[in-house]
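Data file: model_33.txt. Format and content: compact mmCIF, C-alpha atoms.
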# COMPACT_ATOMS: atom_id res chain seq x y z
CA MET A 1 93.13 52.68 59.89
CA ASN A 2 92.69 55.51 57.38
CA GLN A 3 96.31 56.62 57.53
CA PRO A 4 97.56 57.13 53.94
CA LEU A 5 100.33 54.90 52.60
CA ALA A 6 103.16 56.12 50.33
CA LEU A 7 105.74 54.25 48.29
CA VAL A 8 109.18 55.87 48.02
CA ILE A 9 111.54 54.49 45.37
CA ASP A 10 115.19 55.61 45.51
CA ASP A 11 118.49 53.78 45.73
CA GLU A 12 119.94 56.48 48.01
CA PRO A 13 119.16 55.59 51.68
CA ASP A 14 119.52 59.24 52.74
CA ILE A 15 116.80 60.34 50.29
CA CYS A 16 114.50 57.53 51.42
CA GLU A 17 115.02 58.51 55.04
CA LEU A 18 114.40 62.21 54.35
CA LEU A 19 111.20 61.48 52.44
CA SER A 20 109.99 59.00 55.06
CA LEU A 21 110.52 61.56 57.83
CA THR A 22 108.74 64.28 55.85
CA LEU A 23 105.82 62.00 55.08
CA GLY A 24 105.71 60.79 58.67
CA ARG A 25 105.25 64.37 59.88
CA MET A 26 102.24 64.53 57.53
CA ASP A 27 100.83 61.39 59.20
CA ILE A 28 101.58 59.25 56.14
CA ARG A 29 103.04 55.75 56.45
CA THR A 30 105.88 54.85 54.08
CA GLU A 31 107.19 51.79 52.31
CA THR A 32 110.53 52.09 50.50
CA ALA A 33 112.11 50.33 47.54
CA ALA A 34 115.62 50.65 46.12
CA ASP A 35 114.82 49.46 42.59
CA ILE A 36 112.01 48.96 40.09
CA GLY A 37 111.64 45.24 40.73
CA SER A 38 111.04 45.75 44.44
CA ALA A 39 108.67 48.65 43.70
CA LYS A 40 106.52 46.53 41.37
CA ALA A 41 106.34 43.80 44.00
CA LEU A 42 105.17 46.29 46.65
CA LEU A 43 102.64 47.85 44.26
CA GLY A 44 101.15 44.41 43.76
CA LYS A 45 101.01 43.77 47.49
CA HIS A 46 99.70 47.07 48.96
CA GLU A 47 97.16 49.72 48.03
CA PHE A 48 99.20 52.94 47.96
CA ASP A 49 97.84 56.48 48.00
CA ILE A 50 100.91 58.05 46.38
CA CYS A 51 104.22 56.99 44.85
CA LEU A 52 107.45 59.03 44.71
CA THR A 53 110.17 57.70 42.44
CA ASP A 54 113.66 58.74 41.44
CA MET A 55 114.44 58.72 37.73
CA ARG A 56 117.71 56.76 37.83
CA LEU A 57 117.40 53.35 39.46
CA PRO A 58 119.77 50.35 39.45
CA ASP A 59 117.55 48.15 37.29
CA GLY A 60 115.97 50.69 34.97
CA ASP A 61 114.53 54.11 34.35
CA GLY A 62 111.87 55.78 36.48
CA LEU A 63 110.04 56.66 33.25
CA ASP A 64 109.57 52.96 32.55
CA LEU A 65 107.97 52.55 35.97
CA VAL A 66 105.65 55.52 35.39
CA GLU A 67 104.52 53.97 32.11
CA TRP A 68 104.09 50.53 33.69
CA MET A 69 101.94 51.98 36.47
CA GLN A 70 99.43 53.42 34.00
CA SER A 71 98.25 49.89 33.21
CA HIS A 72 99.13 48.04 36.43
CA ALA A 73 98.55 50.61 39.19
CA SER A 74 96.60 53.39 37.47
CA GLY A 75 94.86 54.47 40.67
CA VAL A 76 98.13 55.51 42.32
CA PRO A 77 99.34 59.07 41.61
CA VAL A 78 103.07 58.96 40.89
CA ALA A 79 105.41 61.95 41.20
CA VAL A 80 108.95 61.78 39.85
CA ILE A 81 112.13 63.22 41.35
CA THR A 82 114.34 64.75 38.66
CA ALA A 83 117.79 66.31 38.53
CA HIS A 84 117.74 70.09 38.81
CA GLY A 85 117.04 71.77 35.48
CA ASN A 86 116.21 68.51 33.68
CA VAL A 87 113.01 69.89 32.19
CA GLU A 88 112.89 67.45 29.28
CA THR A 89 112.76 64.45 31.61
CA ALA A 90 110.06 66.06 33.73
CA VAL A 91 107.93 66.80 30.67
CA GLN A 92 108.36 63.25 29.38
CA ALA A 93 107.27 61.88 32.76
CA LEU A 94 104.12 64.04 32.68
CA LYS A 95 103.34 62.86 29.14
CA LEU A 96 103.61 59.25 30.31
CA GLY A 97 101.10 59.87 33.10
CA ALA A 98 103.05 61.17 36.10
CA PHE A 99 101.01 63.33 38.45
CA ASP A 100 103.77 65.90 39.04
CA PHE A 101 107.53 66.24 39.47
CA ILE A 102 109.95 67.69 42.00
CA SER A 103 113.56 68.66 41.33
CA LYS A 104 116.65 67.93 43.40
CA PRO A 105 117.72 69.36 45.78
CA LEU A 106 114.34 68.63 47.33
CA ASP A 107 112.25 71.61 48.40
CA LEU A 108 110.28 70.12 51.29
CA GLY A 109 107.62 72.85 51.17
CA ASN A 110 106.97 72.11 47.51
CA LEU A 111 107.05 68.38 48.23
CA ARG A 112 104.34 68.73 50.90
CA LYS A 113 102.11 70.61 48.45
CA ILE A 114 102.56 67.93 45.78
CA ILE A 115 101.72 65.19 48.27
CA GLY A 116 98.68 67.10 49.53
CA ASN A 117 97.40 67.53 45.97
CA ALA A 118 97.96 63.85 45.20
CA LEU A 119 96.05 62.70 48.27
CA ARG A 120 93.08 64.88 47.30
CA ILE A 121 92.78 62.91 44.04
CA LYS A 122 91.24 60.13 46.10
CA VAL A 123 88.30 62.38 46.97
CA THR A 124 85.62 62.04 44.30
CA ARG A 125 83.76 65.20 43.38
CA GLU A 126 80.52 65.90 41.60
CA THR A 127 80.85 69.26 39.92
CA SER A 128 77.82 71.48 40.28
CA GLY A 129 78.84 73.94 37.58
CA PRO A 130 78.23 73.79 33.82
CA GLN A 131 78.76 70.45 32.14
CA LEU A 132 79.81 69.37 28.67
CA LEU A 133 76.64 68.48 26.82
CA GLY A 134 76.65 66.17 23.83
CA GLU A 135 76.29 62.52 22.91
CA SER A 136 78.63 62.46 19.92
CA PRO A 137 81.74 60.23 20.01
CA GLN A 138 83.92 63.36 19.94
CA MET A 139 82.36 64.65 23.16
CA ASP A 140 82.57 61.24 24.85
CA ASN A 141 86.27 61.19 24.05
CA LEU A 142 86.71 64.76 25.31
CA ARG A 143 85.02 63.93 28.63
CA ASP A 144 87.26 60.88 29.03
CA MET A 145 90.35 63.02 28.42
CA ILE A 146 89.18 65.65 30.92
CA HIS A 147 88.78 62.93 33.54
CA LYS A 148 92.31 61.64 32.87
CA VAL A 149 94.12 64.98 32.79
CA SER A 150 92.29 66.33 35.84
CA ARG A 151 94.22 63.82 37.96
CA SER A 152 97.54 65.18 36.78
CA GLN A 153 99.32 68.48 37.36
CA ALA A 154 100.71 68.52 33.83
CA PRO A 155 100.15 71.68 31.76
CA VAL A 156 97.30 71.19 29.29
CA HIS A 157 96.79 73.11 26.06
CA ILE A 158 93.20 73.29 24.81
CA SER A 159 92.84 73.84 21.08
CA GLY A 160 89.74 74.53 19.06
CA GLU A 161 87.92 77.17 17.07
CA SER A 162 86.51 80.30 18.69
CA GLY A 163 83.22 79.70 20.45
CA THR A 164 83.65 75.95 21.01
CA GLY A 165 83.85 76.16 24.83
CA LYS A 166 87.57 76.01 25.60
CA GLU A 167 87.20 77.92 28.88
CA LEU A 168 84.43 75.53 29.97
CA VAL A 169 86.81 72.61 29.37
CA ALA A 170 89.48 74.36 31.44
CA ARG A 171 87.01 74.93 34.30
CA LEU A 172 85.97 71.28 34.25
CA ILE A 173 89.60 70.15 34.43
CA HIS A 174 90.05 72.41 37.45
CA GLU A 175 86.81 71.40 39.17
CA SER A 176 87.42 67.68 38.62
CA GLY A 177 90.93 67.70 40.06
CA PRO A 178 92.68 68.08 43.42
CA ARG A 179 92.83 71.88 43.09
CA ALA A 180 89.04 72.28 42.95
CA GLU A 181 88.99 74.07 46.32
CA GLY A 182 91.55 76.58 45.04
CA PRO A 183 90.92 79.57 42.75
CA PHE A 184 90.35 79.35 39.02
CA VAL A 185 91.81 82.50 37.43
CA ALA A 186 91.08 83.05 33.74
CA VAL A 187 92.89 85.73 31.74
CA ASN A 188 92.67 86.73 28.09
CA CYS A 189 96.31 87.25 27.11
CA GLY A 190 95.33 89.47 24.19
CA ALA A 191 93.42 91.91 26.43
CA ILE A 192 96.38 93.06 28.57
CA PRO A 193 98.46 96.00 27.27
CA ALA A 194 102.06 94.93 26.68
CA GLU A 195 103.47 97.57 29.04
CA LEU A 196 101.32 96.29 31.93
CA MET A 197 101.73 92.58 31.26
CA GLU A 198 104.60 91.84 33.65
CA SER A 199 102.91 93.67 36.52
CA GLU A 200 99.57 91.96 35.81
CA PHE A 201 101.10 88.47 35.75
CA PHE A 202 103.74 88.76 38.48
CA GLY A 203 102.53 91.66 40.64
CA HIS A 204 104.56 94.65 41.75
CA ARG A 205 105.93 96.42 44.80
CA LYS A 206 104.89 99.88 45.91
CA GLY A 207 106.95 102.54 44.17
CA SER A 208 108.39 100.18 41.55
CA PHE A 209 107.06 102.43 38.76
CA THR A 210 104.95 105.54 38.36
CA GLY A 211 101.44 104.77 39.56
CA ALA A 212 102.45 101.82 41.76
CA ILE A 213 101.00 103.32 44.96
CA ASN A 214 100.55 99.94 46.71
CA ASP A 215 101.88 96.41 46.56
CA LYS A 216 99.82 94.33 44.16
CA ALA A 217 99.55 90.58 43.75
CA GLY A 218 99.78 89.28 40.18
CA LEU A 219 97.54 86.78 38.44
CA LEU A 220 99.92 83.94 39.34
CA GLN A 221 99.80 84.79 43.05
CA CYS A 222 96.00 85.12 42.86
CA ALA A 223 95.83 81.59 41.44
CA GLU A 224 97.95 80.11 44.28
CA ASN A 225 96.94 76.51 45.06
CA GLY A 226 94.60 76.66 42.07
CA THR A 227 94.63 77.01 38.30
CA LEU A 228 95.68 79.82 35.96
CA PHE A 229 93.93 79.62 32.59
CA LEU A 230 95.76 81.53 29.86
CA ASP A 231 93.23 82.07 27.09
CA GLU A 232 94.54 83.15 23.67
CA ILE A 233 98.11 82.42 24.79
CA ALA A 234 99.21 82.92 21.17
CA ASP A 235 98.81 86.67 21.76
CA LEU A 236 101.56 86.78 24.42
CA PRO A 237 104.51 88.95 23.30
CA LEU A 238 107.75 87.03 22.84
CA ALA A 239 109.42 88.85 25.76
CA MET A 240 106.62 87.72 28.06
CA GLN A 241 106.81 84.18 26.73
CA VAL A 242 110.40 83.94 28.01
CA LYS A 243 109.37 85.04 31.51
CA LEU A 244 106.36 82.71 31.59
CA LEU A 245 108.54 79.77 30.57
CA ARG A 246 110.83 80.39 33.55
CA VAL A 247 107.86 80.58 35.93
CA ILE A 248 106.54 77.23 34.70
CA GLN A 249 109.96 75.58 34.99
CA GLU A 250 111.10 77.06 38.30
CA LYS A 251 107.69 77.58 39.97
CA LYS A 252 108.88 80.99 41.14
CA VAL A 253 107.94 84.59 40.31
CA ARG A 254 109.64 87.90 40.96
CA PRO A 255 107.18 90.81 41.33
CA VAL A 256 108.21 94.02 39.57
CA GLY A 257 110.45 95.93 41.97
CA ALA A 258 110.99 92.97 44.33
CA ALA A 259 114.45 91.86 45.41
CA GLN A 260 113.59 88.18 45.79
CA GLU A 261 111.56 85.55 44.01
CA GLU A 262 108.45 83.98 45.51
CA ASN A 263 107.34 80.37 45.23
CA VAL A 264 104.06 79.77 43.40
CA ASP A 265 101.98 76.61 43.31
CA VAL A 266 99.78 76.97 40.25
CA ARG A 267 98.60 74.63 37.51
CA ILE A 268 98.81 76.18 34.04
CA LEU A 269 96.10 75.56 31.46
CA SER A 270 96.15 77.41 28.15
CA ALA A 271 94.07 77.77 25.01
CA THR A 272 93.99 79.44 21.62
CA HIS A 273 92.05 79.16 18.38
CA ARG A 274 95.31 79.59 16.43
CA ASN A 275 97.68 76.81 15.37
CA LEU A 276 100.66 77.09 17.73
CA ALA A 277 102.73 74.54 15.82
CA ASP A 278 102.47 76.71 12.70
CA MET A 279 103.37 79.78 14.76
CA VAL A 280 106.46 78.02 16.13
CA ALA A 281 107.55 77.08 12.62
CA ALA A 282 107.10 80.70 11.54
CA ASP A 283 109.11 82.07 14.51
CA GLU A 284 106.00 83.68 15.97
CA PHE A 285 105.87 81.59 19.17
CA ARG A 286 108.73 80.22 21.25
CA GLU A 287 109.37 76.53 20.63
CA ASP A 288 110.52 75.85 24.20
CA LEU A 289 107.36 77.39 25.68
CA TYR A 290 105.21 75.49 23.17
CA TYR A 291 106.59 72.15 24.32
CA ARG A 292 106.25 73.16 27.98
CA ILE A 293 102.57 74.18 27.83
CA ASN A 294 101.58 71.51 25.34
CA VAL A 295 102.51 68.50 27.49
CA ILE A 296 98.94 67.29 26.96
CA GLU A 297 96.68 68.66 24.23
CA LEU A 298 92.90 68.51 24.27
CA HIS A 299 90.99 69.41 21.13
CA VAL A 300 87.46 70.77 21.44
CA PRO A 301 85.53 69.81 18.29
CA ALA A 302 83.68 72.35 16.17
CA LEU A 303 79.89 72.31 16.50
CA ARG A 304 79.45 71.37 12.82
CA ASP A 305 81.38 68.15 13.50
CA ARG A 306 79.16 67.05 16.40
CA GLY A 307 76.07 65.86 14.50
CA ASP A 308 72.82 65.90 16.48
CA ASP A 309 74.52 67.54 19.46
CA VAL A 310 73.39 70.88 18.04
CA LEU A 311 69.75 70.01 18.80
CA LEU A 312 70.59 68.87 22.33
CA LEU A 313 72.46 72.13 22.94
CA ALA A 314 69.63 74.17 21.43
CA GLU A 315 67.08 72.64 23.81
CA PHE A 316 69.38 73.27 26.77
CA ILE A 317 69.96 76.90 25.75
CA LEU A 318 66.23 77.50 25.30
CA GLN A 319 65.61 76.11 28.80
CA GLY A 320 68.23 78.49 30.16
CA LEU A 321 66.46 81.39 28.46
CA ASP A 322 63.24 80.38 30.25
CA ALA A 323 61.66 80.33 26.83
CA SER A 324 58.34 78.60 26.27
CA ALA A 325 59.10 78.53 22.55
CA SER A 326 60.34 75.35 20.89
CA LEU A 327 61.90 74.58 17.53
CA ASP A 328 59.68 73.51 14.65
CA GLU A 329 60.84 70.85 12.21
CA ASP A 330 62.20 73.32 9.65
CA ALA A 331 64.20 75.10 12.34
CA ARG A 332 65.65 71.80 13.57
CA ASN A 333 66.67 70.87 10.02
CA ALA A 334 68.14 74.32 9.50
CA LEU A 335 70.28 73.99 12.63
CA LEU A 336 71.46 70.54 11.57
CA SER A 337 72.50 71.80 8.14
CA TYR A 338 74.16 75.06 9.21
CA ALA A 339 77.98 75.15 9.46
CA PHE A 340 78.17 77.40 12.58
CA PRO A 341 81.43 79.25 11.98
CA GLY A 342 80.93 80.82 15.42
CA ASN A 343 80.21 77.43 17.07
CA VAL A 344 78.28 77.21 20.36
CA ARG A 345 78.59 80.94 21.01
CA GLU A 346 76.88 81.64 17.67
CA LEU A 347 74.14 79.13 18.47
CA GLU A 348 73.45 80.92 21.77
CA ASN A 349 73.21 84.30 20.06
CA MET A 350 71.04 82.89 17.28
CA LEU A 351 68.54 81.39 19.74
CA GLU A 352 68.40 84.51 21.92
CA ARG A 353 67.44 86.49 18.83
CA ALA A 354 64.98 83.84 17.65
CA VAL A 355 63.16 83.81 21.00
CA THR A 356 62.70 87.58 20.71
CA LEU A 357 61.41 87.37 17.12
CA CYS A 358 59.18 84.35 17.65
CA SER A 359 55.51 85.21 18.16
CA SER A 360 53.79 81.85 17.78
CA GLY A 361 55.48 79.70 20.43
CA LYS A 362 57.26 77.80 17.67
CA ILE A 363 60.67 78.97 16.42
CA SER A 364 60.84 78.70 12.64
CA ALA A 365 63.83 78.66 10.32
CA THR A 366 62.94 82.26 9.42
CA ASP A 367 63.19 83.26 13.11
CA LEU A 368 66.73 81.89 13.17
CA HIS A 369 67.46 84.68 10.70
CA THR A 370 70.35 83.29 8.70
CA ARG A 371 70.32 82.71 4.96
CA GLN A 372 72.65 79.77 5.36
CA ALA A 373 70.34 78.17 7.93
CA THR A 374 67.28 78.45 5.67
CA ASP A 375 69.00 77.29 2.51
CA SER A 376 70.34 73.77 2.81
CA SER A 377 72.27 74.18 -0.42
CA LYS A 378 74.41 76.77 1.37
CA ALA A 379 74.40 74.99 4.69
CA ARG A 380 78.02 74.00 4.87
CA PRO A 381 79.59 76.78 2.84
CA ALA A 382 83.07 76.36 1.47
CA LEU A 383 83.67 80.09 1.89
CA SER A 384 86.27 79.64 4.60
CA GLY A 385 88.05 77.06 2.49
CA LYS A 386 87.88 79.22 -0.64
CA LEU A 387 89.08 82.25 1.28
CA GLY A 388 91.96 80.21 2.67
CA ASP A 389 92.83 79.08 -0.84
CA GLN A 390 92.77 82.67 -2.06
CA VAL A 391 95.10 83.79 0.74
CA GLU A 392 97.50 80.96 -0.04
CA ASP A 393 97.42 81.87 -3.75
CA VAL A 394 98.33 85.47 -2.93
CA GLN A 395 101.17 84.32 -0.64
CA ARG A 396 102.44 81.87 -3.23
CA GLN A 397 102.46 84.50 -5.98
CA ALA A 398 104.27 87.04 -3.76
CA ILE A 399 106.95 84.51 -2.79
CA VAL A 400 107.47 83.31 -6.35
CA GLU A 401 107.84 86.93 -7.56
CA ALA A 402 110.33 87.68 -4.75
CA LEU A 403 112.35 84.59 -5.61
CA GLU A 404 112.40 85.51 -9.30
CA LYS A 405 113.49 89.08 -8.52
CA THR A 406 116.36 87.83 -6.35
CA ARG A 407 117.31 85.00 -8.74
CA TYR A 408 116.17 82.47 -6.14
CA ASN A 409 118.39 83.84 -3.37
CA LYS A 410 116.18 82.89 -0.41
CA THR A 411 117.97 85.16 2.05
CA ALA A 412 117.43 88.17 -0.23
CA ALA A 413 113.85 87.11 -0.99
CA ALA A 414 113.05 86.84 2.71
CA LYS A 415 114.40 90.36 3.27
CA LEU A 416 112.33 91.66 0.36
CA LEU A 417 109.18 90.09 1.82
CA GLY A 418 109.91 91.27 5.37
CA LEU A 419 110.25 87.70 6.66
CA SER A 420 112.98 85.84 8.49
CA PHE A 421 114.80 83.16 6.50
CA ARG A 422 113.13 80.49 8.63
CA GLN A 423 109.67 81.98 8.05
CA LEU A 424 110.24 82.02 4.30
CA ARG A 425 111.54 78.45 4.30
CA TYR A 426 108.46 77.35 6.27
CA ARG A 427 106.05 79.07 3.86
CA ILE A 428 107.85 77.65 0.80
CA LYS A 429 107.43 74.16 2.23
CA LYS A 430 103.81 74.72 3.31
CA LEU A 431 102.76 76.18 -0.05
CA GLY A 432 104.59 73.54 -2.05
CA ILE A 433 106.80 75.99 -3.93
CA GLU A 434 109.61 74.19 -5.73
Full structure transcribed into structure tokens:
Amino acid sequence: MNQPLALVIDDEPDICELLSLTLGRMDIRTETAADIGSAKALLGKHEFDICLTDMRLPDGDGLDLVEWMQSHASGVPVAVITAHGNVETAVQALKLGAFDFISKPLDLGNLRKIIGNALRIKVTRETSGPQLLGESPQMDNLRDMIHKVSRSQAPVHISGESGTGKELVARLIHESGPRAEGPFVAVNCGAIPAELMESEFFGHRKGSFTGAINDKAGLLQCAENGTLFLDEIADLPLAMQVKLLRVIQEKKVRPVGAAQEENVDVRILSATHRNLADMVAADEFREDLYYRINVIELHVPALRDRGDDVLLLAEFILQGLDASASLDEDARNALLSYAFPGNVRELENMLERAVTLCSSGKISATDLHTRQATDSSKARPALSGKLGDQVEDVQRQAIVEALEKTRYNKTAAAKLLGLSFRQLRYRIKKLGIE
């Protein structure tokens, strides 16, 4: 009675038969359809646990079906079957809401893992770890997005300022999805020396280089059947970006010194406080990797944009510190008016210090120990904006001088400034230089 039911959509009878046999060995019943019209009819008739669809069908495109299912059969995870190497189609399918994709020729081992992950979506979980606190509309929207993306296997890029809680968001995506029983491996890309990066990510074989006294599994192998969270991905060297792109596309790694590649089943989440789109435009981050990791983007709002959430977070942090002290009215007003350039991390540090300084059981604005917090006229300082303006003014002046010296020969001006032609063109456009 509880046997799962799958829908296979392909106009090639041999593919339908192969998939039906594979699913049957996993104790999954199968219905098949040769076109989109038949598939829609079956989706309206049965309650399916998973759907597998080819991209090219006699009466339309598999992408159209994926999009249709988001509003007519949203509870059914759908995986798409793409032509080998057709990464653009796979990414588009994930953007439209597909759970995952598998390339032809079909790798049955990979297919079984995808199906297993999809079936686990049906199991509801209550996460026992840290939760996203906040009642602001921005946090409500973020929680909704986490719920949606946790069902998918699409790469997610988490943007936001330092200290906003990007790793917490990544953990919640992992814990809310079908990989929750697998490992969550977090790595700060900027903390790994460049010469060790390939070994750290992909592992190595004994004797592959001086000091390799044993075989070692890389971060990707350690995250097998789970999630790899690449924090500060903007710090990855360009050479490593190329290798990571191939891993994401092919789902294979080659350890340093190994003769053969190994399959890996890992979901990639990434984050950075920097603007990757600007880095791509300035030739500082690979465009192809950017589009591959940024299939879905989640933005974590700054604390200063979350209104009264700061007070809710402050109370929660004080409880975690086992502090009997509470905030007086001036302290609450100070927190509400402070801009928090360091976001939640700064709030935590501020309260830890205030609890130590407080002697009366009531934390005052003075205990919070920040001039900006005790002076509402300086509460939301424009310093960062003014500093940004100053930096742009310096850049603008340097570019204008270089252009004048080279009689507006942009190639020569770029060389003079130590920039590529594309970087100079990007900065000219950004700074509004005529």
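Residue nearest Pro301 of chain A, chosen from A:Ile248, A:Val87, A:Val156, A:Val344 and counting only C-alpha atoms: A:Val344.
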- In the coordinates of the file, take the point (85.8, 75.9, 26.6) and a cut-off of 12 Å; then, counting only C-alpha atoms, name each qualifying protein, DNA or RNA residue as a PyMOL selection string. chain A and resi 130-133+142+146+157-173+186+229-232+269-273+298-302+343-345
- List every protein, DNA or RNA residue that has an atom no more than 10 Å from (94.5, 84.4, 41.6) in the file's coordinate frame, counting only C-alpha atoms, and report them as a ChimeraX atom specification. /A:182-186,201,217-228,266
- Query: Nearest to Ser364 of chain A: which of A:Ala339, A:Asp328, A:His46, A:Asn349 is it, counting all atoms listed in the file?
  - Reply: A:Asp328
- Residues within 9 Å of Pro58 of chain A, all atoms listed in the file, excluding chain neighbours under 2 positions, as an NGL selection string: :A and (11 or 34-36 or 56 or 60-61)
- Please indicate the distance in Å from atom CA of Glu348 of chain A to atom CA of Ile317 of chain A, rounded to one decimal place.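 About the pair atom CA of Glu348 of chain A and atom CA of Ile317 of chain A: they are 6.6 Å apart.
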- Item | Nearest to Glu175 of chain A by atom-to-atom distance, counting all atoms listed in the file, from A:Phe101, A:Ile121, A:Asn2, A:Asp278 |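 Nearest candidate to Glu175 of chain A out of A:Phe101, A:Ile121, A:Asn2, A:Asp278: A:Ile121.
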- In Å, with one decimal, what is the gap from atom CA of Val66 of chain A to atom CA of Asp54 of chain A?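 For atom CA of Val66 of chain A relative to atom CA of Asp54 of chain A, the distance reads 10.5 Å.
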- Find the residue from A:Asn110, A:Gln3, A:Gln423, A:Asn333 that sits nearest to Ile399 of chain A; use only C-alpha atoms when measuring. A:Gln423
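Using only C-alpha atoms, the protein and nucleic acid residues lying no more than 12 Å from Ala239 of chain A, apart from those fewer than 2 places from it along its own chain, are Ala194, Glu195, Met197, Glu198, Asp235, Leu236, Pro237, Gln241, Val242, Lys243, Leu244, Leu245, Arg246, Glu284, Phe285, Arg286 and Leu289 of chain A.
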- Item | Residue contacts of Trp68 of chain A (10 Å, all atoms listed in the file) excluding same-chain residues fewer than 4 positions away, as number ranges by chain | A: 40, 62-64, 72-74, 96-97
Residue subset to file, keeping C-alpha atoms, as a compact mmCIF listing (two decimals), keeping the file's coordinate frame:
# COMPACT_ATOMS: atom_id res chain seq x y z
CA LYS A 40 106.52 46.53 41.37
CA GLY A 62 111.87 55.78 36.48
CA LEU A 63 110.04 56.66 33.25
CA ASP A 64 109.57 52.96 32.55
CA HIS A 72 99.13 48.04 36.43
CA ALA A 73 98.55 50.61 39.19
CA SER A 74 96.60 53.39 37.47
CA LEU A 96 103.61 59.25 30.31
CA GLY A 97 101.10 59.87 33.10
- Message: Quick one: residues within 9 Å of segment 408-421 of chain A, all atoms listed in the file, excluding same-chain residues fewer than 4 positions away - as an NGL selection string?
- Response: :A and (282-283 or 398-404 or 425-426)
- Message: Please compute the atom CA of Met350 of chain A-atom CA of Pro137 of chain A distance, one decimal, in Å.
- Response: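 Here the two named atoms are 25.2 Å from each other.
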- Kindly indicate which residue among A:Gln319, A:Gln138, A:Asn214, A:Thr32 lies nearest to Gly307 of chain A, using only C-alpha atoms for the distances.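 Closest residue, counting only C-alpha atoms: A:Gln138.
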- Task: Determine, counting all atoms listed in the file, which protein, DNA and RNA residues have an atom within 7 Å of an atom of segment 98-100 of chain A; residues of the same chain fewer than 2 positions away are not included. Present the result as number ranges by chain.
- Result: A: 66, 77-80, 93-94, 96, 151-154
